[in-house]
Amino acid sequence: MKEITKNILAKEYNIEDIIIDYVNEKEKLIVNKFKEIDEIKEYNQYKVIKAMQDNRLSSTDFYWTTGYGYGDIGREKVESIYASVFNAEDALVRPTIASGTHAITLTLSGILRPGDELIAISGAPYDTLQKVIGVKGNSPGTLVEFGVVYKEIPLIDNRIDLETVRKTISSQTRMVMIQRSTGYSDRRALTIEEIEEAIKSIKEYNNEVIIMVDNCYGEFIENMEPTDVGADIIAGSLIKNPGGGLALSGGYVVGKEELVERVANRLTAPGLGKDCGLTFGTSRTTMQGLFLAPHIVSEALKGALLVAKTYKDLGFKVVPDIDDKRSDIIQGVELLLPERVSEFCKAIQAASAVDSYVIPEAWDMPGYEDKVIMAAGGFIEGSSIELSADGPMRDPYYAYYQGGLTYEHCKLGVLISLNNLYKKSLISL
């Protein structure tokens with residue numbers, strides 16, 4: 001590192017020299033891994049550009065209508081491009097989808113009917129989705145309340161238990177759900193290869209079962225997406241990977257046309273489906289964010305690798321591990337003490353360009369069983385493709401790091417987090 005850069009870190013951020021030197025040494029040990037990330041980025045960048053060209057994206061597509069939004073050409077173009085990027089028949093991409101959980105909920109409730117069976121085959125879903133299903137909490141309007149039968153099959157050694165899956169599928173099974181990302185767990189994300197293996201096994205056993213993949217945090221990590229390997233429908237958030245840090249809000253659902261139509265009817269109304277729904281002039285930022293997404297995701301992945309290396313070499317368990325194949329942007333660090341989780345998240349907040357002066361505290365966040373501490377100083381509120389970190393305050397006290405629009409910002413977050421823990425005597429070098 002040039003001395004001038006080291007000086008600004010020491011002078012302006014009060015980072016100890018021992019921390020700067022330590023992180024720089026760890027960085028040298030991982031740069032060889034950046035090449036593969038860059039190759040995947042390049043492939044996905046060209047894929048996105050080609051989809052925009054093939055669908056004749058035009059400057060006039062950024063105009064927008066009012067009222068019902070009938071004939072919103074920009075909205076239709078966005079959805080056509082998403083379908084092309086994800087190699088699917090159809091897509092629903094709307095700023096009115098509030099979150100990834102909302103996109104998944106629309107998908108489940110749009111397709112499943114009373115008496116249908118839903119089987120989660122990647123273990124317990126993310127905390128918020130457990131409340132949607134109805135296995136935790138007592139919120140009205142859950143899938144279980146509407147008569148959907150729910151079953152859950154845990155992973156074995158971080159792999160889908162295909163033998164148990166086949167034995168569990170019955171004549172009532174309408175949908176099998178796979179969560180690609182780690183969520184708030186101690187497992188790594190499922191790779192596209194593993195998802196493909198599961199889809200092939202299930203379809204060979206019962207081709208009528210719908211395969212739904214929660215794709216949150218996983219877009220553009222690999223050369224292919226779940227829809228490339230046989231998933232019937234997938235869902236995710238625009239303020240994660242595919243929004244590229246520019247999408248103001250929203251979510252997407254892509255997959256088979258008949259299934260997307262059902263989800264669209266749930267979002268608006270039967271008979272209206274995709275034909276109405278205002279985009280509020282967001283088509284430009286949605287498309288520009290998608291254009292930038294492959295590059296932004298690659299920057300976040302490099303930052304996650306730096307987090308993994310710096311903390312692993314201090315003796316902490318990291319998930320995924322350094323040499324694991326990555327399939328989402330999340331880097332989990334088992335910190336073992338609530339004080340470490342708190343200081344880690346405070347440091348990520350302090351490294352943010354927005355709201356850096358805010359001190360995050362654990363609180364009873366809606367949708368979660370435990371108190372959650374969340375550092376999220378983004379230009380888009382809650383955008384987890386921007387530098388962010390969070391974690392539930394429960395044993396063994398994992399901090400989940402994700403995002404970073406630039407690698408340099410990721411590195412600053414790593415430096416400040418280690419500096420905080422070092423000065424509080426919560427780690428030693």
# chains A, B, ... in the order shown; residues from 1 in each chain; ligands from 1
$ select_by_dssp --residues "region 127-271 of chain A" --states "strand (DSSP E)" --output "JSON, numbers by chain"
{"A": [149, 150, 151, 152, 173, 174, 175, 176, 177, 178, 179, 210, 211, 212, 213, 214, 233, 234, 235, 236, 237, 251, 252, 253, 254, 255]}
$ residues_around --residues "Glu343 (chain A)" --least-positions-apart "3" --cutoff "8 Å" --atoms "only C-alpha atoms" --output "number ranges by chain"
A: 339-340, 346-347, 417, 420-421
$ closest_residue --among "A:His409, A:His102, A:Lys28, A:Lys424" --to "Arg266 (chain A)" --atoms "only C-alpha atoms"
A:His102
$ atom_distance --atom1 "CA of Phe316 (chain A)" --atom2 "CA of Leu337 (chain A)"
11.5 Å
$ residues_around --residues "Tyr397 (chain A)" --least-positions-apart "4" --cutoff "12 Å" --atoms "only C-alpha atoms" --output "ChimeraX atom specification"
/A:184-186,316-317,332-342,344,370-373,390-393
$ write_last_selection --atoms "N, CA and C atoms" --output "PDB file, in the first residue's frame"
ATOM      1  N   TYR A 184     -29.616 -16.823   7.827  1.00  0.00           N
ATOM      2  CA  TYR A 184     -28.997 -16.724   9.149  1.00  0.00           C
ATOM      3  C   TYR A 184     -28.652 -18.119   9.649  1.00  0.00           C
ATOM      4  N   SER A 185     -27.775 -18.814   8.918  1.00  0.00           N
ATOM      5  CA  SER A 185     -27.396 -20.171   9.302  1.00  0.00           C
ATOM      6  C   SER A 185     -25.876 -20.286   9.275  1.00  0.00           C
ATOM      7  N   ASP A 186     -25.387 -21.479   9.560  1.00  0.00           N
ATOM      8  CA  ASP A 186     -23.944 -21.705   9.538  1.00  0.00           C
ATOM      9  C   ASP A 186     -23.534 -22.550   8.339  1.00  0.00           C
ATOM     10  N   PHE A 316     -11.124 -17.571  13.708  1.00  0.00           N
ATOM     11  CA  PHE A 316     -12.577 -17.628  13.677  1.00  0.00           C
ATOM     12  C   PHE A 316     -13.059 -18.545  12.550  1.00  0.00           C
ATOM     13  N   LYS A 317     -14.158 -19.225  12.788  1.00  0.00           N
ATOM     14  CA  LYS A 317     -14.793 -20.011  11.740  1.00  0.00           C
ATOM     15  C   LYS A 317     -15.470 -19.057  10.766  1.00  0.00           C
ATOM     16  N   GLY A 332     -20.269 -15.176   6.375  1.00  0.00           N
ATOM     17  CA  GLY A 332     -20.550 -15.345   7.784  1.00  0.00           C
ATOM     18  C   GLY A 332     -19.268 -15.519   8.583  1.00  0.00           C
ATOM     19  N   VAL A 333     -19.210 -14.891   9.763  1.00  0.00           N
ATOM     20  CA  VAL A 333     -18.084 -15.039  10.680  1.00  0.00           C
ATOM     21  C   VAL A 333     -18.644 -15.401  12.048  1.00  0.00           C
ATOM     22  N   GLU A 334     -18.237 -16.561  12.561  1.00  0.00           N
ATOM     23  CA  GLU A 334     -18.694 -16.997  13.881  1.00  0.00           C
ATOM     24  C   GLU A 334     -17.849 -16.292  14.936  1.00  0.00           C
ATOM     25  N   LEU A 335     -18.443 -15.297  15.598  1.00  0.00           N
ATOM     26  CA  LEU A 335     -17.682 -14.448  16.509  1.00  0.00           C
ATOM     27  C   LEU A 335     -17.795 -14.870  17.976  1.00  0.00           C
ATOM     28  N   LEU A 336     -18.742 -15.753  18.294  1.00  0.00           N
ATOM     29  CA  LEU A 336     -18.844 -16.423  19.595  1.00  0.00           C
ATOM     30  C   LEU A 336     -19.306 -15.536  20.757  1.00  0.00           C
ATOM     31  N   LEU A 337     -19.124 -14.232  20.644  1.00  0.00           N
ATOM     32  CA  LEU A 337     -19.525 -13.312  21.716  1.00  0.00           C
ATOM     33  C   LEU A 337     -20.425 -12.219  21.158  1.00  0.00           C
ATOM     34  N   PRO A 338     -21.505 -11.864  21.891  1.00  0.00           N
ATOM     35  CA  PRO A 338     -22.382 -10.784  21.394  1.00  0.00           C
ATOM     36  C   PRO A 338     -21.650  -9.455  21.261  1.00  0.00           C
ATOM     37  N   GLU A 339     -20.650  -9.225  22.130  1.00  0.00           N
ATOM     38  CA  GLU A 339     -19.899  -7.967  22.063  1.00  0.00           C
ATOM     39  C   GLU A 339     -19.147  -7.852  20.743  1.00  0.00           C
ATOM     40  N   ARG A 340     -18.646  -8.975  20.253  1.00  0.00           N
ATOM     41  CA  ARG A 340     -17.926  -8.938  18.978  1.00  0.00           C
ATOM     42  C   ARG A 340     -18.869  -8.642  17.822  1.00  0.00           C
ATOM     43  N   VAL A 341     -20.054  -9.258  17.843  1.00  0.00           N
ATOM     44  CA  VAL A 341     -21.037  -8.986  16.786  1.00  0.00           C
ATOM     45  C   VAL A 341     -21.402  -7.509  16.786  1.00  0.00           C
ATOM     46  N   SER A 342     -21.619  -6.976  17.979  1.00  0.00           N
ATOM     47  CA  SER A 342     -21.995  -5.573  18.106  1.00  0.00           C
ATOM     48  C   SER A 342     -20.904  -4.655  17.571  1.00  0.00           C
ATOM     49  N   PHE A 344     -18.474  -5.409  15.501  1.00  0.00           N
ATOM     50  CA  PHE A 344     -18.309  -5.639  14.064  1.00  0.00           C
ATOM     51  C   PHE A 344     -19.313  -4.797  13.281  1.00  0.00           C
ATOM     52  N   ASP A 370     -35.305 -13.363  17.188  1.00  0.00           N
ATOM     53  CA  ASP A 370     -34.316 -12.816  18.117  1.00  0.00           C
ATOM     54  C   ASP A 370     -34.052 -11.354  17.786  1.00  0.00           C
ATOM     55  N   LYS A 371     -33.470 -10.659  18.751  1.00  0.00           N
ATOM     56  CA  LYS A 371     -33.031  -9.302  18.467  1.00  0.00           C
ATOM     57  C   LYS A 371     -31.991  -9.350  17.348  1.00  0.00           C
ATOM     58  N   VAL A 372     -32.024  -8.358  16.485  1.00  0.00           N
ATOM     59  CA  VAL A 372     -31.111  -8.299  15.339  1.00  0.00           C
ATOM     60  C   VAL A 372     -30.386  -6.956  15.356  1.00  0.00           C
ATOM     61  N   ILE A 373     -29.087  -7.004  15.136  1.00  0.00           N
ATOM     62  CA  ILE A 373     -28.325  -5.770  14.951  1.00  0.00           C
ATOM     63  C   ILE A 373     -27.994  -5.648  13.477  1.00  0.00           C
ATOM     64  N   ASP A 390     -25.106  -7.649   9.428  1.00  0.00           N
ATOM     65  CA  ASP A 390     -26.159  -7.840  10.422  1.00  0.00           C
ATOM     66  C   ASP A 390     -26.001  -9.202  11.068  1.00  0.00           C
ATOM     67  N   GLY A 391     -26.805  -9.424  12.069  1.00  0.00           N
ATOM     68  CA  GLY A 391     -26.770 -10.724  12.721  1.00  0.00           C
ATOM     69  C   GLY A 391     -27.763 -10.798  13.861  1.00  0.00           C
ATOM     70  N   PRO A 392     -28.371 -11.968  14.045  1.00  0.00           N
ATOM     71  CA  PRO A 392     -29.264 -12.165  15.183  1.00  0.00           C
ATOM     72  C   PRO A 392     -28.447 -12.372  16.456  1.00  0.00           C
ATOM     73  N   MET A 393     -28.912 -11.838  17.548  1.00  0.00           N
ATOM     74  CA  MET A 393     -28.185 -11.983  18.805  1.00  0.00           C
ATOM     75  C   MET A 393     -28.542 -13.315  19.449  1.00  0.00           C
TER      76      MET A 393
END
$ residues_around --residues "Gly378 (chain A)" --least-positions-apart "3" --cutoff "10 Å" --atoms "only C-alpha atoms" --output "list in words"
Gly245, Gln349, Ser352, Ala353, Val354, Asp355, Ser356, Ala375, Glu381, Gly382, Ser383, Ser384, Ile385, Glu386, Leu387, Ser388, Gly404 and Leu405 of chain A
$ write_last_selection --atoms "C-alpha atoms" --output "PDB file, in the first residue's frame"
ATOM      1  CA  GLY A 245     -26.939  -0.378  -5.966  1.00  0.00           C
ATOM      2  CA  GLN A 349     -21.781   1.348   9.945  1.00  0.00           C
ATOM      3  CA  SER A 352     -20.422   3.747   5.484  1.00  0.00           C
ATOM      4  CA  ALA A 353     -20.654   6.872   3.344  1.00  0.00           C
ATOM      5  CA  VAL A 354     -24.225   7.458   4.542  1.00  0.00           C
ATOM      6  CA  ASP A 355     -25.207   7.600   8.242  1.00  0.00           C
ATOM      7  CA  SER A 356     -21.666   6.776   9.333  1.00  0.00           C
ATOM      8  CA  ALA A 375     -25.460  -1.971   9.958  1.00  0.00           C
ATOM      9  CA  GLU A 381     -32.106   2.215   2.616  1.00  0.00           C
ATOM     10  CA  GLY A 382     -31.744  -1.472   3.411  1.00  0.00           C
ATOM     11  CA  SER A 383     -29.740  -2.199   0.262  1.00  0.00           C
ATOM     12  CA  SER A 384     -27.667  -5.264   1.089  1.00  0.00           C
ATOM     13  CA  ILE A 385     -25.640  -5.032  -2.120  1.00  0.00           C
ATOM     14  CA  GLU A 386     -24.144  -1.952  -0.487  1.00  0.00           C
ATOM     15  CA  LEU A 387     -21.677  -2.371   2.384  1.00  0.00           C
ATOM     16  CA  SER A 388     -23.703  -3.832   5.214  1.00  0.00           C
ATOM     17  CA  GLY A 404     -19.910  -3.231  -1.085  1.00  0.00           C
ATOM     18  CA  LEU A 405     -20.251  -1.239  -4.298  1.00  0.00           C
TER      19      LEU A 405
END
$ residues_around --residues "Leu305 (chain A)" --least-positions-apart "2" --cutoff "10 Å" --atoms "only C-alpha atoms" --output "VMD selection string"
chain A and resid 26 to 27 30 to 31 33 to 34 300 to 303 307 to 310 320 to 323 326 329 to 331 410
$ write_last_selection --atoms "N, CA and C atoms" --output "mmCIF file, in the first residue's frame"
data_model
loop_
_atom_site.group_PDB
_atom_site.id
_atom_site.type_symbol
_atom_site.label_atom_id
_atom_site.label_comp_id
_atom_site.auth_asym_id
_atom_site.auth_seq_id
_atom_site.Cartn_x
_atom_site.Cartn_y
_atom_site.Cartn_z
ATOM 1 N N LYS A 26 -2.864 -10.057 4.317
ATOM 2 C CA LYS A 26 -3.908 -11.032 3.980
ATOM 3 C C LYS A 26 -4.436 -10.797 2.567
ATOM 4 N N GLU A 27 -4.488 -9.546 2.179
ATOM 5 C CA GLU A 27 -4.951 -9.209 0.835
ATOM 6 C C GLU A 27 -4.035 -9.821 -0.226
ATOM 7 N N ILE A 30 -4.892 -13.428 -1.267
ATOM 8 C CA ILE A 30 -6.161 -13.793 -1.921
ATOM 9 C C ILE A 30 -6.316 -13.206 -3.317
ATOM 10 N N VAL A 31 -5.424 -12.337 -3.730
ATOM 11 C CA VAL A 31 -5.612 -11.661 -5.026
ATOM 12 C C VAL A 31 -5.622 -12.648 -6.191
ATOM 13 N N LYS A 33 -7.271 -15.233 -6.308
ATOM 14 C CA LYS A 33 -8.650 -15.709 -6.430
ATOM 15 C C LYS A 33 -9.547 -14.710 -7.158
ATOM 16 N N PHE A 34 -9.068 -13.496 -7.343
ATOM 17 C CA PHE A 34 -9.864 -12.463 -8.001
ATOM 18 C C PHE A 34 -10.042 -12.746 -9.492
ATOM 19 N N ALA A 300 -18.253 -6.954 -4.484
ATOM 20 C CA ALA A 300 -18.725 -7.462 -3.194
ATOM 21 C C ALA A 300 -18.102 -8.816 -2.873
ATOM 22 N N LEU A 301 -17.952 -9.662 -3.881
ATOM 23 C CA LEU A 301 -17.346 -10.982 -3.675
ATOM 24 C C LEU A 301 -15.885 -10.858 -3.242
ATOM 25 N N LYS A 302 -15.165 -9.956 -3.837
ATOM 26 C CA LYS A 302 -13.770 -9.747 -3.444
ATOM 27 C C LYS A 302 -13.689 -9.254 -1.996
ATOM 28 N N GLY A 303 -14.622 -8.382 -1.627
ATOM 29 C CA GLY A 303 -14.666 -7.920 -0.245
ATOM 30 C C GLY A 303 -14.971 -9.042 0.727
ATOM 31 N N VAL A 307 -12.770 -10.413 3.990
ATOM 32 C CA VAL A 307 -13.322 -10.640 5.333
ATOM 33 C C VAL A 307 -12.988 -12.060 5.795
ATOM 34 N N ALA A 308 -13.232 -13.020 4.910
ATOM 35 C CA ALA A 308 -12.993 -14.423 5.255
ATOM 36 C C ALA A 308 -11.538 -14.666 5.629
ATOM 37 N N LYS A 309 -10.625 -14.152 4.828
ATOM 38 C CA LYS A 309 -9.203 -14.407 5.070
ATOM 39 C C LYS A 309 -8.723 -13.747 6.358
ATOM 40 N N THR A 310 -9.109 -12.499 6.570
ATOM 41 C CA THR A 310 -8.619 -11.780 7.756
ATOM 42 C C THR A 310 -9.135 -12.410 9.047
ATOM 43 N N PRO A 320 -18.881 -18.872 3.795
ATOM 44 C CA PRO A 320 -18.092 -19.997 3.303
ATOM 45 C C PRO A 320 -16.626 -19.850 3.655
ATOM 46 N N ASP A 321 -15.910 -20.988 3.599
ATOM 47 C CA ASP A 321 -14.478 -20.970 3.853
ATOM 48 C C ASP A 321 -13.761 -20.411 2.625
ATOM 49 N N ILE A 322 -12.489 -20.158 2.793
ATOM 50 C CA ILE A 322 -11.698 -19.497 1.745
ATOM 51 C C ILE A 322 -11.787 -20.215 0.401
ATOM 52 N N ASP A 323 -11.677 -21.519 0.424
ATOM 53 C CA ASP A 323 -11.623 -22.274 -0.825
ATOM 54 C C ASP A 323 -12.965 -22.845 -1.256
ATOM 55 N N ARG A 326 -18.293 -20.237 -4.047
ATOM 56 C CA ARG A 326 -19.274 -19.271 -3.531
ATOM 57 C C ARG A 326 -20.494 -19.210 -4.437
ATOM 58 N N ILE A 329 -23.386 -13.589 -1.931
ATOM 59 C CA ILE A 329 -22.428 -12.544 -1.557
ATOM 60 C C ILE A 329 -22.170 -12.506 -0.060
ATOM 61 N N ILE A 330 -22.831 -13.353 0.712
ATOM 62 C CA ILE A 330 -22.773 -13.271 2.170
ATOM 63 C C ILE A 330 -21.531 -13.965 2.716
ATOM 64 N N GLN A 331 -20.884 -13.321 3.668
ATOM 65 C CA GLN A 331 -19.763 -13.923 4.386
ATOM 66 C C GLN A 331 -20.107 -13.974 5.867
ATOM 67 N N CYS A 410 -15.227 -2.046 0.706
ATOM 68 C CA CYS A 410 -15.209 -3.302 1.464
ATOM 69 C C CYS A 410 -13.981 -3.366 2.369
#
$ atom_distance --atom1 "CA of Ile210 (chain A)" --atom2 "CA of Ala120 (chain A)"
12.0 Å
$ residues_around --residues "region 217-227 of chain A" --least-positions-apart "3" --cutoff "6 Å" --atoms "only C-alpha atoms" --output "PDB file with C-alpha atoms, in the first residue's frame"
ATOM      1  CA  ILE A  40     -17.505 -14.654 -14.262  1.00  0.00           C
ATOM      2  CA  GLY A 230     -34.406 -26.354 -14.704  1.00  0.00           C
ATOM      3  CA  ALA A 231     -35.945 -24.281 -11.902  1.00  0.00           C
ATOM      4  CA  ASN A 241     -27.494  -8.104  -6.411  1.00  0.00           C
ATOM      5  CA  PRO A 294     -22.214  -8.037 -12.653  1.00  0.00           C
ATOM      6  CA  SER A 327     -22.895 -18.942  -4.548  1.00  0.00           C
ATOM      7  CA  ASP A 328     -24.014 -15.803  -2.711  1.00  0.00           C
ATOM      8  CA  ILE A 329     -22.428 -12.544  -1.557  1.00  0.00           C
TER       9      ILE A 329
END
$ closest_residue --among "A:Ile111, A:Leu238, A:Ile97, A:Ile380" --to "Asn265 (chain A)" --atoms "only C-alpha atoms"
A:Ile111
$ select_by_dssp --residues "region 49-155 of chain A" --states "helix (DSSP H, G or I)" --output "PyMOL selection string"
chain A and resi 49-54+59-62+73-85+100-111+127-133
$ write_last_selection --atoms "N, CA and C atoms" --output "compact mmCIF listing (two decimals), in the first residue's frame"
# COMPACT_ATOMS: atom_id res chain seq x y z
N ILE A 49 -25.75 -7.11 -21.33
CA ILE A 49 -25.76 -6.18 -22.46
C ILE A 49 -26.51 -6.78 -23.66
N LYS A 50 -26.25 -8.05 -23.93
CA LYS A 50 -26.91 -8.71 -25.06
C LYS A 50 -28.42 -8.75 -24.87
N ALA A 51 -28.87 -9.00 -23.64
CA ALA A 51 -30.31 -9.02 -23.37
C ALA A 51 -30.93 -7.65 -23.63
N MET A 52 -30.24 -6.60 -23.26
CA MET A 52 -30.75 -5.25 -23.50
C MET A 52 -30.77 -4.94 -24.99
N GLN A 53 -29.74 -5.38 -25.71
CA GLN A 53 -29.70 -5.15 -27.15
C GLN A 53 -30.76 -5.96 -27.89
N ASP A 54 -30.89 -7.23 -27.52
CA ASP A 54 -31.87 -8.09 -28.19
C ASP A 54 -33.30 -7.60 -27.98
N SER A 59 -34.08 4.75 -25.20
CA SER A 59 -34.21 5.86 -24.26
C SER A 59 -35.66 6.19 -23.98
N THR A 60 -36.53 5.93 -24.95
CA THR A 60 -37.96 6.21 -24.74
C THR A 60 -38.59 5.22 -23.77
N ASP A 61 -37.92 4.11 -23.49
CA ASP A 61 -38.45 3.16 -22.51
C ASP A 61 -38.36 3.69 -21.08
N PHE A 62 -37.66 4.81 -20.91
CA PHE A 62 -37.52 5.36 -19.57
C PHE A 62 -38.62 6.36 -19.24
N ILE A 73 -44.66 0.91 -21.68
CA ILE A 73 -43.70 0.19 -22.52
C ILE A 73 -42.41 -0.08 -21.76
N GLY A 74 -41.99 0.88 -20.94
CA GLY A 74 -40.77 0.69 -20.17
C GLY A 74 -40.88 -0.48 -19.21
N ARG A 75 -42.02 -0.60 -18.55
CA ARG A 75 -42.24 -1.71 -17.63
C ARG A 75 -42.18 -3.04 -18.37
N GLU A 76 -42.81 -3.09 -19.51
CA GLU A 76 -42.81 -4.32 -20.29
C GLU A 76 -41.41 -4.65 -20.79
N LYS A 77 -40.63 -3.62 -21.15
CA LYS A 77 -39.26 -3.85 -21.64
C LYS A 77 -38.37 -4.38 -20.51
N VAL A 78 -38.51 -3.80 -19.32
CA VAL A 78 -37.74 -4.27 -18.17
C VAL A 78 -37.99 -5.76 -17.92
N GLU A 79 -39.26 -6.14 -17.97
CA GLU A 79 -39.61 -7.53 -17.68
C GLU A 79 -39.14 -8.47 -18.79
N SER A 80 -39.16 -8.00 -20.01
CA SER A 80 -38.67 -8.80 -21.12
C SER A 80 -37.16 -9.01 -21.01
N ILE A 81 -36.46 -7.98 -20.60
CA ILE A 81 -35.00 -8.09 -20.45
C ILE A 81 -34.65 -9.03 -19.30
N TYR A 82 -35.37 -8.93 -18.19
CA TYR A 82 -35.13 -9.85 -17.07
C TYR A 82 -35.37 -11.30 -17.49
N ALA A 83 -36.40 -11.53 -18.27
CA ALA A 83 -36.67 -12.88 -18.75
C ALA A 83 -35.51 -13.39 -19.60
N SER A 84 -34.95 -12.52 -20.41
CA SER A 84 -33.82 -12.91 -21.26
C SER A 84 -32.57 -13.19 -20.42
N VAL A 85 -32.27 -12.31 -19.49
CA VAL A 85 -31.08 -12.46 -18.65
C VAL A 85 -31.12 -13.79 -17.88
N GLY A 100 -37.34 -9.03 -0.93
CA GLY A 100 -37.20 -10.40 -1.39
C GLY A 100 -38.23 -11.31 -0.75
N THR A 101 -38.48 -11.11 0.54
CA THR A 101 -39.51 -11.89 1.24
C THR A 101 -40.86 -11.69 0.59
N HIS A 102 -41.17 -10.46 0.19
CA HIS A 102 -42.44 -10.17 -0.47
C HIS A 102 -42.52 -10.88 -1.81
N ALA A 103 -41.43 -10.86 -2.58
CA ALA A 103 -41.42 -11.54 -3.88
C ALA A 103 -41.64 -13.04 -3.72
N ILE A 104 -41.00 -13.63 -2.72
CA ILE A 104 -41.17 -15.07 -2.46
C ILE A 104 -42.58 -15.36 -1.97
N THR A 105 -43.10 -14.50 -1.11
CA THR A 105 -44.47 -14.68 -0.60
C THR A 105 -45.49 -14.63 -1.72
N LEU A 106 -45.33 -13.67 -2.63
CA LEU A 106 -46.22 -13.59 -3.79
C LEU A 106 -46.15 -14.87 -4.62
N THR A 107 -44.94 -15.39 -4.77
CA THR A 107 -44.75 -16.60 -5.56
C THR A 107 -45.44 -17.79 -4.91
N LEU A 108 -45.23 -17.96 -3.61
CA LEU A 108 -45.83 -19.09 -2.90
C LEU A 108 -47.34 -18.98 -2.86
N SER A 109 -47.83 -17.81 -2.48
CA SER A 109 -49.28 -17.65 -2.33
C SER A 109 -49.99 -17.56 -3.67
N GLY A 110 -49.28 -17.15 -4.72
CA GLY A 110 -49.89 -17.09 -6.04
C GLY A 110 -50.06 -18.45 -6.67
N ILE A 111 -49.22 -19.40 -6.29
CA ILE A 111 -49.24 -20.73 -6.92
C ILE A 111 -49.92 -21.78 -6.04
N ASP A 127 -35.45 -16.42 8.40
CA ASP A 127 -36.34 -16.11 9.53
C ASP A 127 -37.67 -15.50 9.11
N THR A 128 -37.62 -14.50 8.22
CA THR A 128 -38.86 -13.82 7.84
C THR A 128 -39.81 -14.75 7.09
N LEU A 129 -39.26 -15.68 6.32
CA LEU A 129 -40.10 -16.58 5.55
C LEU A 129 -40.77 -17.63 6.43
N GLN A 130 -40.15 -17.95 7.55
CA GLN A 130 -40.78 -18.89 8.49
C GLN A 130 -42.10 -18.32 9.01
N LYS A 131 -42.15 -17.02 9.17
CA LYS A 131 -43.39 -16.37 9.61
C LYS A 131 -44.41 -16.31 8.48
N VAL A 132 -43.93 -16.19 7.25
CA VAL A 132 -44.82 -16.21 6.09
C VAL A 132 -45.50 -17.57 5.98
N ILE A 133 -44.70 -18.61 6.14
CA ILE A 133 -45.24 -19.97 6.06
C ILE A 133 -46.18 -20.26 7.21
$ residues_around --residues "Tyr22 (chain A)" --least-positions-apart "6" --cutoff "12 Å" --atoms "only C-alpha atoms" --output "list in words"
Met1, Ile15, Glu16, Lys28, Leu29, Leu306, Lys309, Thr310, Tyr311, Asp313, Leu314, Val414, Leu415, Leu418, Asn419, Tyr422, Ser428 and Leu429 of chain A
